[in-house]
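Since the structure comes first, as C-alpha cells, the remarks are kept for the end.
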Amino acid sequence: MDLFSKADDESRARTLRDTLNRYAHAYYVLDAPLVPDAEYDRLFRELQALEAENPHLRTADSPTQRVGGRALTELAQVRHVVAMLSIETETDTTEQGARAFDARVRRKLGLSESDPLVEYAAELKFDGLAINLRYEAGVLVQAATRGDGEVGEDVTHNIRTIGRIPLRLQGDVPELLEVRGEVYMRRDDFERLNARQRERGEKTFINPRNTAAGAVRQLDPAVTAQRPLAFFAYGLGEVRGWTAQPQTHSAMVEALAAFGLPVCEHRAVAKGAEGLVEFHARMAALRDSLPFDIDGIVYKVNSLALQRELGFRNREPNWAVAHKYPAQEEITELLEIEVQV
Ligand code: NAD
C-alpha cells in the first residue's frame, strides 16, 4: 500500500471516530440523537471494516471498542459486578443474516453438518434503555443504567416510579438476583404524552426510545413518574443462591415471569437457521402492529452451558446477535428529526 492511501485511511478513521463519538454522546448521554440510527450504523460499520483491514487504526477511544456512553456525572455511579455488554449487529438484514449467525455459532462450537441443530432463544430487540435491577431476598434495592458497560448510573429513585416493575418478587426467590431488561415507552403512550405537551404549549418529544431513556435518567423522580414507562425482562446479571437455576435462556425468562417480572410474549425457541428465519419473517409481519418500537430481533444460543463455552470477545458475547430489518424506519426517523430541528 502506498503512503498516500495509508494517510487517507488514517484520516478517515479519525474522522469516523470523532463523528461517531459525538453522535454516541448525544444519543447515550444527552438522549438527543443528532442523526437516524441507520446513519450511525452505516458509519460504525465503515469504521469496523477499516479497522479490520488496518488493526493499527483501532485506538482505545474507538466507538467499536466501547459499550454505550458514559455515566452522567450528576447521578451516583454504580459498578456492575457482571459487565453489561453490547450485542453484535448482523450486517446482512435479509434472511441470510440468520443463516450466517447460525453458521458462525456452529463453526465456533466445532459442529459438523451431521451434528444436531443448535437451539436458539429468539426475542424482539426492544428499543429502549437497558437497566439492571438488583433484588436482595426478593426486594428491589438498586436499579442502574448500562453506562459504559462497567459503570452505570444509579436510577433506583426513578425506577421505583414504574408501576410494572415489582418492588418485591414473588415465589421462592434467590438470595441475590440481578435482572436485566429494557425500559421502553409504548407508542400510544408516547402519542398521548405529546398531545398533552402540545395542549400545554410545551415542547414535544422526538421518539419513544429517547423519551424513555431521558425519563429514566432524570434527577427528580417526580418528572419520571409523569412519564408512562414500561419494562421487559430478558437477562441476568449477578446471581447468588438460586437453587434449581434454569439451564436455558428460555427457561430463565419463564422463571423471571414467575417471579412477577414482565416479559414479552413474542419470543420463541427456534431450531437451527430455519427456525431463526421463520421467527424473523413472522415478527416482520407483526412489527407495525406491535404497540412498541423494536430495533430488530435478537438471537441467543439457548443453552447456558453452550453460551459459557462460546464466551465473549471485546464488547460482545459470541452467543448472541442483533438482526435488524431493512431500514424501513430510516425515512420516518429522518422526518421526525427534521421536524424537531
Ligand atoms: P446494542 O446494539 O449494543 O445492543 C445491546 C442492547 O440491546 C442492550 O443493552 C439492550 O438495551 C438492548 N436489547 C433490547 N432487547 C434486547 C433483548 N431481547 N435481549 C438483550 N438485549 C436487548 O445496543 P446499543 O449500544 O444501545 O445500540 C443500539 C442502537 O443504538 C444501535 O444499533 C444504533 O443504531 C443506536 N445508536 C444510535 C445513535 C444515533 O446517533 N442515532 C448513536 C449511538 C447508537
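If you're wondering about the labels, chains in the C-alpha cells are A, B, ... by order shown, residues count from 1 in each chain, ligands from 1 in order shown.
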Identify, counting only C-alpha atoms and all ligand atoms, the protein, DNA and RNA residues located within 8 Å of ligand 1, and give them as a count of residues only.
45
Name the residues in contact with Gln226 of chain A at a cut-off of 12 Å, using only C-alpha atoms, excluding same-chain residues fewer than 3 positions from it; report them as a VMD selection string.
chain A and resid 158 161 to 163 189 to 190 192 to 193 196 to 197 211 to 212 215 to 216 218 220 to 223 229
Check which residues of segment 57-169 of chain A sit at most 8 Å from segment 237-244 of chain A using only C-alpha atoms, and return one row each with the closest pair of atoms and their distance in Å to one decimal, ordered by chain and rising number, as a Markdown table.
| residue | atom | partner | partner_atom | distance |
| --- | --- | --- | --- | --- |
| A:Val81 | CA | A:Glu238 | CA | 6.5 |
| A:Val82 | CA | A:Gly237 | CA | 5.6 |
| A:Ala83 | CA | A:Gly237 | CA | 7.8 |
| A:Met84 | CA | A:Gly237 | CA | 7.9 |
| A:Asn132 | CA | A:Gly237 | CA | 7.3 |
DSSP-assigned helix (DSSP H, G or I) members of segment 118-296 of chain A, reported as a PyMOL selection string
chain A and resi 156-159+187-199+208-216+221-225+249-258+272-289
Computed interatomic separation between atom CA of Leu167 of chain A and atom CA of Leu290 of chain A (Å)
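Going from atom CA of Leu167 of chain A over to atom CA of Leu290 of chain A, I get 27.1 Å.
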Could you list, as a list in words, every residue within 9 Å of Leu50 of chain A, counting only C-alpha atoms and ignoring same-chain residues fewer than 4 positions away?
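Neighbouring residues, sequence-local ones excluded: Asp9, Arg12, Ala13, Arg45, Glu46, Asn54, Pro55, Leu57 and Arg58 of chain A.
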Preceding selection exported with C-alpha atoms as a PDB file, in the first residue's frame:
ATOM      1  CA  ASP A   9      -7.198   5.601   5.861  1.00  0.00           C
ATOM      2  CA  ARG A  12     -10.820   8.715   7.515  1.00  0.00           C
ATOM      3  CA  ALA A  13     -10.654   6.572  10.669  1.00  0.00           C
ATOM      4  CA  ARG A  45     -19.719  -0.463  10.014  1.00  0.00           C
ATOM      5  CA  GLU A  46     -17.384   1.602   7.821  1.00  0.00           C
ATOM      6  CA  ASN A  54      -5.773  -1.925   9.409  1.00  0.00           C
ATOM      7  CA  PRO A  55      -5.638  -3.158  13.016  1.00  0.00           C
ATOM      8  CA  LEU A  57      -6.030   2.122  13.440  1.00  0.00           C
ATOM      9  CA  ARG A  58      -8.048   0.502  16.231  1.00  0.00           C
TER      10      ARG A  58
END
Need to verify the contact set: segment 136-139 of chain A, 9 Å, only C-alpha atoms, exclusion of same-chain residues closer than 2 positions in sequence. Can you return it as JSON, numbers by chain?
{"A": [134, 141, 166, 167, 168, 169, 170, 171, 172, 173, 174, 175, 176, 177, 178, 259]}
Prev. selection, C-alpha atoms, output as an mmCIF file, in the first residue's frame:
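What ended up in result-v1.cif:
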data_model
loop_
_atom_site.group_PDB
_atom_site.id
_atom_site.type_symbol
_atom_site.label_atom_id
_atom_site.label_comp_id
_atom_site.auth_asym_id
_atom_site.auth_seq_id
_atom_site.Cartn_x
_atom_site.Cartn_y
_atom_site.Cartn_z
ATOM 1 C CA ARG A 134 -30.866 -5.715 41.845
ATOM 2 C CA VAL A 141 -32.635 -2.447 46.325
ATOM 3 C CA PRO A 166 -42.201 -5.195 41.087
ATOM 4 C CA LEU A 167 -40.665 -3.746 44.249
ATOM 5 C CA ARG A 168 -40.832 -7.260 45.711
ATOM 6 C CA LEU A 169 -40.589 -10.504 43.741
ATOM 7 C CA GLN A 170 -42.943 -13.390 44.401
ATOM 8 C CA GLY A 171 -42.223 -17.088 44.949
ATOM 9 C CA ASP A 172 -39.081 -18.907 46.019
ATOM 10 C CA VAL A 173 -36.602 -16.178 45.082
ATOM 11 C CA PRO A 174 -32.783 -16.383 45.122
ATOM 12 C CA GLU A 175 -30.816 -14.599 47.828
ATOM 13 C CA LEU A 176 -29.482 -12.208 45.163
ATOM 14 C CA LEU A 177 -30.903 -11.747 41.701
ATOM 15 C CA GLU A 178 -29.886 -9.089 39.190
ATOM 16 C CA PHE A 259 -41.214 -14.094 39.913
#
Measure the distance from atom CA of Arg267 of chain A to atom CA of Ala320 of chain A in Å and round it to one decimal.
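It comes out at 14.7 Å.
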